[in-house]
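For reference, the structure is listed below as structure tokens.
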Amino acid sequence: MLVYPSGVRSTPCYSHPSHLTFSNRCKLFLSPSWPCFLSSKKSSKFCSLSLLLSRNGGGGNRFSVRALLESEVSESVADAADCAGGGDGGSGILQPVSVKIPFGDREILVETGHIGRQASGSVMATDGETIVYTSVCLSDVPSEPSDFFPLNVNYQERFSAAGRTSGGFYKREGRTKDHEVLICRLIDRPLRPTMPKGFYHETQLLSWVLSYDGLHSPDALAVTAAGIAVALSEVPNSKAIAGVRVGLLGDKFVVNPTTKEMEDSTLDLFLAGTNSAILMVEGYCDFLLEEKLLEAVQVGQDAVRAICTAVEALVKKCGKPKMLDAIKLPPRGLYRRVEQIAGDELHKVLQIRSKIPRRKAISLLEENVINILTEKGYISTEDNSGTAETIQDWLEEEDEDEEIVVDGEVDEGDVHIKPVSRKSAPLFTEVDVKLVFKEVTSKFLRRRIVEGGKRSDGRSPEGIRSITSRCGLLPRAHGSALFTRGETQSLAVVTLGDRQMAQKVDNLANVEEFKRFYLQYSFPPSCVGEVGRMGAPSRREIGHGTLAERALEPILPSEDEFPYTIRVESTITESNGSSSMASVCGGCLALQDAGVPLKCSIAGIAMGMVLDTKEFGGDGTPLILSDITGSEDASGDMDFKVAGTEDGITAFQMDIKVGGITLPVMKEALLQARDGRRRVLGEMLKCSPPPAKSLSKYAPLIHIMKVAPDKVNVIIGSGGKKVKSIIEETGVEAIDTQDDGIVKITAKDLSSLEKSKSIIRNLTMVPTVGDIYRNCEIKSIAPYGVFVEIAPGREGLCHISELTSDWLAKAEDAFKVGDRVDVKLIEVNDKGQLRLSRRALLPVPETNSEEPSSEQLTGHQAKIITDSGKASDKSIPEKYVNVPKSDALAQEKLEQPKDKGSGTKISSSSKSSSAENSLLPRKKVFKRLKKSTSKAVTGVSGKDGE
């Protein structure tokens, strides 16, 4: 009976167990449920003994036994002493190590062994006063084999890093924010190509921002820290990776620029790779040329190479042994058997052009392969916990124990049965068959493209699928477009609104940030003909939406030119390759259909690649594919998305599935992508029906007016009472005021907008001596005169001596409250009080031969502004958005309504009175509580937006 020797733990033996001590010459490692993975190197000195106990004996448990020689163990312990330092009695705890490595024009501090010492790898990276902590941990037991590496990345920015707490009710950090998801993707994407196939231990990478100084961005630091942590851990990655950001300030490229420098940069390039190749590129720019972009990539690659060289030196000093023994690959003979069974059929199936029929045919063929191998006894129907190599060893050992009797050596009377060798029927798992079938399918697809020069749908490598597009699909939406390219389709919808519709962004900098343009991308399972769960957006959806959003942003007008908040929804209704680039094309058409004055049109295209063409009879030159489909993305070596105009790039994203690509290959892909974009833009011009290029009648009206900054407080009133009353009285949607005097009025119809505009103008007007006000109401009477309201909320005193030309004992003898009179402003005292005169406007006595003119009355030329007149010297610029050009109201008139609360003003100048101190917040937005019942305007804006 086997027992556990003292001092030996029941854990899987992944690598040299140098941290254990032994009292005997030979010790056994026993594991009741896990295989003992041996080193894949032929030069390994470890001798192994594999014992598989009978299922009937030992309770049905299978044990793996390893024998280690004492001399070899001592040698391994000595090798690990350099890292352990002996400070913990040989426990394997690393001693603290701190090094400085280059990070562009400066250095960062990398520390390991200080915190997180029980993790497989942990790193704390410091740039300035920004600190990122990253840890890597592995599961003890491998998960079921699959076609992807089980890596889970989580990145979180702690509010405490900037001395803050969450602004919500719960002070704990909540769900992952969108920009944190984007950084998770930046970490994940370059790591995957460096992971070997056959490693199924679940790996978790956690990254936290512990300190943020507001100057040094944590994203590039987090990617580099993750690459260092993985390199120091037991994960058997091929090479260390690092990430950098490249900015363009004028004509100078800057590596890892500060946040202040990025404000003036025309390029935001993020690059990750190894010391010899590029693994991931993502960036956004303002119509940058391909040649300039390649220069930026070269600068970034040089910086990454310097970082990786320093990281490799650190790994040699204190890195842990890699778990190479844990790699499980399907048996090599299985590839040959699958090709023999399915080879001919695969050639036929891969020629099916439509995605769904081809996918179903491949699925049936896979099932057929599994059935044939099962019938022949090659697939085991039982659960085998050991590896294929362990099963083979078991078969060999059992064959060696059996005695083979040769003819002529059998005693008479004895009955002997000649044993059958079990090696003729090796056991495979169904998962192994599926993995091999997928790799064989990819191999046949790549071979078809390289050898025949034709893809599954019959296109050449440079071919673009057929494109159709239409606008105005949704009549009540402000703008809509349906873009179809082959079997990929995007329904893009644009919604326009005021500032209240803007997306608020919470960040570590504690700066109030609002996005006036955002694109939301959704990928329902129905777009690929499948059934799936609908819920919160996935990381893929957030990443694709951000890529399309950043691609469209450079072509949008400024807020001064177009004061709307713009929301674009891209719903993928069909998908077979690059739905994010379809969102770019559809979003551009939808914006034009909504009447947004874009600077130009842009399009996007996805590029693929077959890197090693010699494998399939090629000349070794990488084969670049334009407008790749889903199968070409899955079987190819690259996914390179590029969006922009005919000559300039606005956004790009590249993922590599191999060990990386070089700069010449990337240059070829960029130039081929430029030709593809030009062809797509040409097809977009054939849109039927074309974009309306005018604001929808269902879009809200926005009027912008400028008032004196010290009058903003008058509009808002105490506690916002005045502006709320204006909203309720006029029926507008919202009134947005800013400290600089900008007032934005949002309304559903023109009449309510005009009412609110008139009230605000009267509230904020600056009375000037010589102005004449007609039809003004007397609000109150005093013994010394009357108080006249010249505008809503603005009253002045008309002294009894200024009421008539004749002598008057009491004002109430000739006037009463509610009477309407014409008055002239004759004085504004230091306190801002107004003195009015009615007598100055009375007819000249009959003794005079001539009637005085208006110039004699005011001392200078006066202009009367009536309900139908137009002012020519207004000092406050105003403009309408979404108002019919033919309407006289759209010509920036200053009007006074014919209601009881206001009069008609005669303006003589535009002097400003003394300013009142404003104690208001920087911006105030008020929305009405009750919906307006007025009808929507039916006009459409002119070309100039007025």
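Going through the structure tokens in order, the chains are called A, B, and so on, while each chain numbers its residues from 1 and the ligands are numbered from 1 in the order shown.
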
Any idea what's packed within 6 Å of stretch 198-203 of chain A, counting only C-alpha atoms, ignoring anything in its chain fewer than 6 positions away? Could you give it as a ChimeraX atom specification? /A:137-139,142-143,150-151,327-329

Of the residues A:Glu733, A:Asp830, A:Asp344, A:Asp819, which is the one nearest to A:Pro700, using only C-alpha atoms? A:Glu733

Just list as an MDAnalysis selection string whatever in stretch 481-567 of chain A DSSP marks as strand (DSSP E or B). chainID A and resid 481:485 488:497 503:505 513:515 517:522 565:567

For the residues selected in the previous step, produce a file with N, CA and C atoms as a PDB file, in the first residue's frame.
```pdb
ATOM      1  N   ALA A 481     -29.256  55.022 -40.989  1.00  0.00           N
ATOM      2  CA  ALA A 481     -28.620  54.457 -42.176  1.00  0.00           C
ATOM      3  C   ALA A 481     -28.442  52.961 -41.966  1.00  0.00           C
ATOM      4  N   LEU A 482     -28.583  52.211 -43.060  1.00  0.00           N
ATOM      5  CA  LEU A 482     -28.352  50.776 -43.061  1.00  0.00           C
ATOM      6  C   LEU A 482     -27.205  50.499 -44.020  1.00  0.00           C
ATOM      7  N   PHE A 483     -26.071  50.054 -43.457  1.00  0.00           N
ATOM      8  CA  PHE A 483     -24.873  49.791 -44.262  1.00  0.00           C
ATOM      9  C   PHE A 483     -24.648  48.289 -44.317  1.00  0.00           C
ATOM     10  N   THR A 484     -24.522  47.750 -45.533  1.00  0.00           N
ATOM     11  CA  THR A 484     -24.333  46.317 -45.729  1.00  0.00           C
ATOM     12  C   THR A 484     -23.103  46.087 -46.590  1.00  0.00           C
ATOM     13  N   ARG A 485     -22.180  45.245 -46.099  1.00  0.00           N
ATOM     14  CA  ARG A 485     -20.986  44.861 -46.848  1.00  0.00           C
ATOM     15  C   ARG A 485     -20.874  43.347 -46.768  1.00  0.00           C
ATOM     16  N   THR A 488     -22.037  41.349 -43.606  1.00  0.00           N
ATOM     17  CA  THR A 488     -21.912  42.195 -42.420  1.00  0.00           C
ATOM     18  C   THR A 488     -22.815  43.408 -42.601  1.00  0.00           C
ATOM     19  N   GLN A 489     -23.620  43.698 -41.585  1.00  0.00           N
ATOM     20  CA  GLN A 489     -24.626  44.758 -41.712  1.00  0.00           C
ATOM     21  C   GLN A 489     -24.751  45.515 -40.395  1.00  0.00           C
ATOM     22  N   SER A 490     -24.823  46.849 -40.513  1.00  0.00           N
ATOM     23  CA  SER A 490     -24.950  47.713 -39.335  1.00  0.00           C
ATOM     24  C   SER A 490     -26.121  48.667 -39.530  1.00  0.00           C
ATOM     25  N   LEU A 491     -26.992  48.742 -38.543  1.00  0.00           N
ATOM     26  CA  LEU A 491     -28.076  49.716 -38.516  1.00  0.00           C
ATOM     27  C   LEU A 491     -27.665  50.841 -37.569  1.00  0.00           C
ATOM     28  N   ALA A 492     -27.365  52.001 -38.136  1.00  0.00           N
ATOM     29  CA  ALA A 492     -26.881  53.146 -37.360  1.00  0.00           C
ATOM     30  C   ALA A 492     -28.004  54.168 -37.216  1.00  0.00           C
ATOM     31  N   VAL A 493     -28.199  54.662 -35.989  1.00  0.00           N
ATOM     32  CA  VAL A 493     -29.246  55.629 -35.677  1.00  0.00           C
ATOM     33  C   VAL A 493     -28.625  56.788 -34.910  1.00  0.00           C
ATOM     34  N   VAL A 494     -28.972  58.020 -35.301  1.00  0.00           N
ATOM     35  CA  VAL A 494     -28.435  59.230 -34.667  1.00  0.00           C
ATOM     36  C   VAL A 494     -29.554  59.936 -33.925  1.00  0.00           C
ATOM     37  N   THR A 495     -29.258  60.362 -32.704  1.00  0.00           N
ATOM     38  CA  THR A 495     -30.180  61.141 -31.890  1.00  0.00           C
ATOM     39  C   THR A 495     -29.496  62.432 -31.476  1.00  0.00           C
ATOM     40  N   LEU A 496     -30.184  63.553 -31.641  1.00  0.00           N
ATOM     41  CA  LEU A 496     -29.658  64.867 -31.281  1.00  0.00           C
ATOM     42  C   LEU A 496     -30.374  65.370 -30.038  1.00  0.00           C
ATOM     43  N   GLY A 497     -29.648  66.068 -29.187  1.00  0.00           N
ATOM     44  CA  GLY A 497     -30.242  66.594 -27.967  1.00  0.00           C
ATOM     45  C   GLY A 497     -29.422  67.729 -27.400  1.00  0.00           C
ATOM     46  N   GLN A 503     -22.932  62.550 -22.114  1.00  0.00           N
ATOM     47  CA  GLN A 503     -22.482  61.440 -21.276  1.00  0.00           C
ATOM     48  C   GLN A 503     -21.463  61.948 -20.258  1.00  0.00           C
ATOM     49  N   LYS A 504     -21.778  61.814 -18.976  1.00  0.00           N
ATOM     50  CA  LYS A 504     -20.844  62.230 -17.940  1.00  0.00           C
ATOM     51  C   LYS A 504     -19.816  61.137 -17.714  1.00  0.00           C
ATOM     52  N   VAL A 505     -18.552  61.541 -17.596  1.00  0.00           N
ATOM     53  CA  VAL A 505     -17.449  60.604 -17.433  1.00  0.00           C
ATOM     54  C   VAL A 505     -16.824  60.824 -16.067  1.00  0.00           C
ATOM     55  N   GLU A 513     -16.293  66.013 -16.616  1.00  0.00           N
ATOM     56  CA  GLU A 513     -16.124  65.815 -18.049  1.00  0.00           C
ATOM     57  C   GLU A 513     -17.407  65.288 -18.655  1.00  0.00           C
ATOM     58  N   PHE A 514     -17.830  65.920 -19.750  1.00  0.00           N
ATOM     59  CA  PHE A 514     -19.025  65.505 -20.462  1.00  0.00           C
ATOM     60  C   PHE A 514     -18.657  65.237 -21.917  1.00  0.00           C
ATOM     61  N   LYS A 515     -19.153  64.135 -22.446  1.00  0.00           N
ATOM     62  CA  LYS A 515     -18.946  63.793 -23.846  1.00  0.00           C
ATOM     63  C   LYS A 515     -20.176  64.218 -24.634  1.00  0.00           C
ATOM     64  N   PHE A 517     -20.374  63.727 -27.822  1.00  0.00           N
ATOM     65  CA  PHE A 517     -20.535  62.731 -28.871  1.00  0.00           C
ATOM     66  C   PHE A 517     -20.122  61.374 -28.340  1.00  0.00           C
ATOM     67  N   TYR A 518     -20.976  60.368 -28.518  1.00  0.00           N
ATOM     68  CA  TYR A 518     -20.625  59.016 -28.117  1.00  0.00           C
ATOM     69  C   TYR A 518     -21.362  58.022 -28.997  1.00  0.00           C
ATOM     70  N   LEU A 519     -20.702  56.899 -29.257  1.00  0.00           N
ATOM     71  CA  LEU A 519     -21.246  55.832 -30.090  1.00  0.00           C
ATOM     72  C   LEU A 519     -21.387  54.582 -29.246  1.00  0.00           C
ATOM     73  N   GLN A 520     -22.569  53.984 -29.294  1.00  0.00           N
ATOM     74  CA  GLN A 520     -22.852  52.767 -28.526  1.00  0.00           C
ATOM     75  C   GLN A 520     -23.099  51.615 -29.504  1.00  0.00           C
ATOM     76  N   TYR A 521     -22.283  50.583 -29.349  1.00  0.00           N
ATOM     77  CA  TYR A 521     -22.265  49.441 -30.269  1.00  0.00           C
ATOM     78  C   TYR A 521     -22.880  48.230 -29.570  1.00  0.00           C
ATOM     79  N   SER A 522     -23.745  47.505 -30.262  1.00  0.00           N
ATOM     80  CA  SER A 522     -24.340  46.293 -29.688  1.00  0.00           C
ATOM     81  C   SER A 522     -24.238  45.156 -30.693  1.00  0.00           C
ATOM     82  N   THR A 565     -25.762  67.723 -28.600  1.00  0.00           N
ATOM     83  CA  THR A 565     -25.154  66.479 -28.156  1.00  0.00           C
ATOM     84  C   THR A 565     -25.566  65.395 -29.142  1.00  0.00           C
ATOM     85  N   ILE A 566     -24.612  64.588 -29.572  1.00  0.00           N
ATOM     86  CA  ILE A 566     -24.846  63.613 -30.640  1.00  0.00           C
ATOM     87  C   ILE A 566     -24.634  62.205 -30.092  1.00  0.00           C
ATOM     88  N   ARG A 567     -25.639  61.381 -30.278  1.00  0.00           N
ATOM     89  CA  ARG A 567     -25.535  59.966 -29.888  1.00  0.00           C
ATOM     90  C   ARG A 567     -25.755  59.094 -31.118  1.00  0.00           C
TER      91      ARG A 567
END
```

List the spatial neighbours of stretch 235-243 of chain A as a VMD selection string - criterion: any atom at most 6 Å away, only C-alpha atoms, same-chain residues fewer than 3 positions off excluded. chain A and resid 194 to 195 220 223 to 224 227 231 271 to 274 304 322 to 324

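Pairwise distance (atom CA of A:Ala643, atom CA of A:Glu290) equals 11.6 Å.
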
Please return as a PyMOL selection string: the residues of stretch 700-802 of chain A that backbone DSSP assigns to helix (DSSP H, G or I). chain A and resi 709-716+718-730+750-764+800-802

Compile the contact shell of A:Gly104 as an MDAnalysis selection string: residues with an atom at most 12 Å away, counting only C-alpha atoms, same-chain residues fewer than 6 positions apart removed. chainID A and resid 127 220:221 242:247 253:258 299:307

Please build the interface table for stretch 455-533 of chain A against stretch 607-627 of chain A with a cut-off of 8 Å, listing for each qualifying residue the nearest atom pair and the distance in Å to one decimal; count only C-alpha atoms, order rows by chain and increasing number, and write it as a Markdown table.
```
| residue | atom | partner | partner_atom | distance |
| --- | --- | --- | --- | --- |
| A:Pro461 | CA | A:Leu625 | CA | 4.7 |
| A:Glu462 | CA | A:Ser626 | CA | 5.1 |
| A:Gly463 | CA | A:Ser626 | CA | 6.3 |
| A:Ile464 | CA | A:Asp627 | CA | 5.8 |
| A:Arg465 | CA | A:Asp627 | CA | 7.2 |
```

Would you list the contacts of A:Ile661 as a PDB file with C-alpha atoms, in the first residue's frame, taking every protein, DNA or RNA residue within 12 Å and counting only C-alpha atoms, but skipping same-chain residues closer than 4 positions in sequence?
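Result file is selection-v3.pdb:
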```
ATOM      1  CA  PRO A 193      -0.011  35.629 -28.729  1.00  0.00           C
ATOM      2  CA  ALA A 272       2.788  46.753 -27.355  1.00  0.00           C
ATOM      3  CA  GLY A 273       5.266  44.108 -28.414  1.00  0.00           C
ATOM      4  CA  THR A 274       8.421  42.169 -27.674  1.00  0.00           C
ATOM      5  CA  ASN A 275      12.054  43.030 -28.276  1.00  0.00           C
ATOM      6  CA  SER A 276      11.772  41.813 -31.860  1.00  0.00           C
ATOM      7  CA  ALA A 277       8.171  42.196 -33.088  1.00  0.00           C
ATOM      8  CA  ILE A 278       4.936  44.180 -32.813  1.00  0.00           C
ATOM      9  CA  LEU A 279       1.993  42.440 -31.181  1.00  0.00           C
ATOM     10  CA  MET A 280      -0.681  45.105 -30.816  1.00  0.00           C
ATOM     11  CA  VAL A 281      -1.258  48.628 -32.116  1.00  0.00           C
ATOM     12  CA  VAL A 297       5.337  52.921 -34.860  1.00  0.00           C
ATOM     13  CA  GLN A 301       8.975  49.809 -31.182  1.00  0.00           C
ATOM     14  CA  MET A 609      -2.738  38.175 -43.259  1.00  0.00           C
ATOM     15  CA  VAL A 610      -1.255  34.738 -43.874  1.00  0.00           C
ATOM     16  CA  LEU A 611       2.286  35.116 -42.566  1.00  0.00           C
ATOM     17  CA  ASP A 612       4.079  31.853 -43.366  1.00  0.00           C
ATOM     18  CA  PRO A 622       3.269  37.504 -46.215  1.00  0.00           C
ATOM     19  CA  ASP A 637      -2.519  35.702 -38.397  1.00  0.00           C
ATOM     20  CA  MET A 638      -3.659  39.332 -38.172  1.00  0.00           C
ATOM     21  CA  ASP A 639      -6.693  41.554 -37.706  1.00  0.00           C
ATOM     22  CA  PHE A 640      -5.801  45.113 -38.724  1.00  0.00           C
ATOM     23  CA  MET A 654      -4.142  45.781 -34.942  1.00  0.00           C
ATOM     24  CA  ASP A 655      -4.091  42.405 -33.201  1.00  0.00           C
ATOM     25  CA  ILE A 656      -1.557  39.697 -34.000  1.00  0.00           C
ATOM     26  CA  LYS A 657      -2.119  35.980 -33.375  1.00  0.00           C
ATOM     27  CA  VAL A 665       4.670  43.982 -43.230  1.00  0.00           C
ATOM     28  CA  MET A 666       2.691  46.658 -41.436  1.00  0.00           C
ATOM     29  CA  LYS A 667       3.564  49.169 -44.152  1.00  0.00           C
ATOM     30  CA  GLU A 668       2.260  46.859 -46.854  1.00  0.00           C
ATOM     31  CA  ALA A 669      -0.977  46.337 -44.919  1.00  0.00           C
TER      32      ALA A 669
END
```

Stretch 173-184 of chain A surroundings by only C-alpha atoms, 12 Å radius, close-in-sequence under 3 positions cut, as a PyMOL selection string: chain A and resi 151-161+164-170+187-191+204-209+217-224+226+243+270+282+503-508+520+536-547

Proximity to A:Thr629 - best of A:Gly453, A:Gly832, A:Pro691, A:Gly486, only C-alpha atoms: A:Gly486

Excluding A:Cys776 and any residue of its chain fewer than 5 positions from it, enumerate the residues within 6 Å of it, using only C-alpha atoms, and give them as JSON, numbers by chain. {"A": [789, 790, 820, 821, 903]}

Please produce a file of the residues just selected, as an mmCIF file, in the first residue's frame, where the atoms kept are N, CA and C atoms.
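Printed below is again05.cif as written:
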```cif
data_model
loop_
_atom_site.group_PDB
_atom_site.id
_atom_site.type_symbol
_atom_site.label_atom_id
_atom_site.label_comp_id
_atom_site.auth_asym_id
_atom_site.auth_seq_id
_atom_site.Cartn_x
_atom_site.Cartn_y
_atom_site.Cartn_z
ATOM 1 N N GLU A 789 -43.268 99.825 -15.430
ATOM 2 C CA GLU A 789 -42.520 98.618 -15.796
ATOM 3 C C GLU A 789 -42.155 98.700 -17.283
ATOM 4 N N ILE A 790 -40.881 98.885 -17.547
ATOM 5 C CA ILE A 790 -40.445 99.004 -18.939
ATOM 6 C C ILE A 790 -40.131 97.643 -19.559
ATOM 7 N N ARG A 820 -51.347 102.559 -19.346
ATOM 8 C CA ARG A 820 -50.159 102.345 -20.157
ATOM 9 C C ARG A 820 -49.700 103.683 -20.725
ATOM 10 N N VAL A 821 -48.413 103.916 -20.628
ATOM 11 C CA VAL A 821 -47.838 105.185 -21.046
ATOM 12 C C VAL A 821 -46.559 104.933 -21.825
ATOM 13 N N GLY A 903 -43.104 96.543 -22.998
ATOM 14 C CA GLY A 903 -43.383 97.607 -23.942
ATOM 15 C C GLY A 903 -42.423 97.560 -25.098
#
```

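Take atom CA of A:Ser460 and atom CA of A:Gly636: the distance between them is 15.4 Å.
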
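Proximity ranking of A:Ala502, A:Leu753, A:Thr573, A:Gln592 relative to A:Pro525 places A:Thr573 first, based on only C-alpha atoms.
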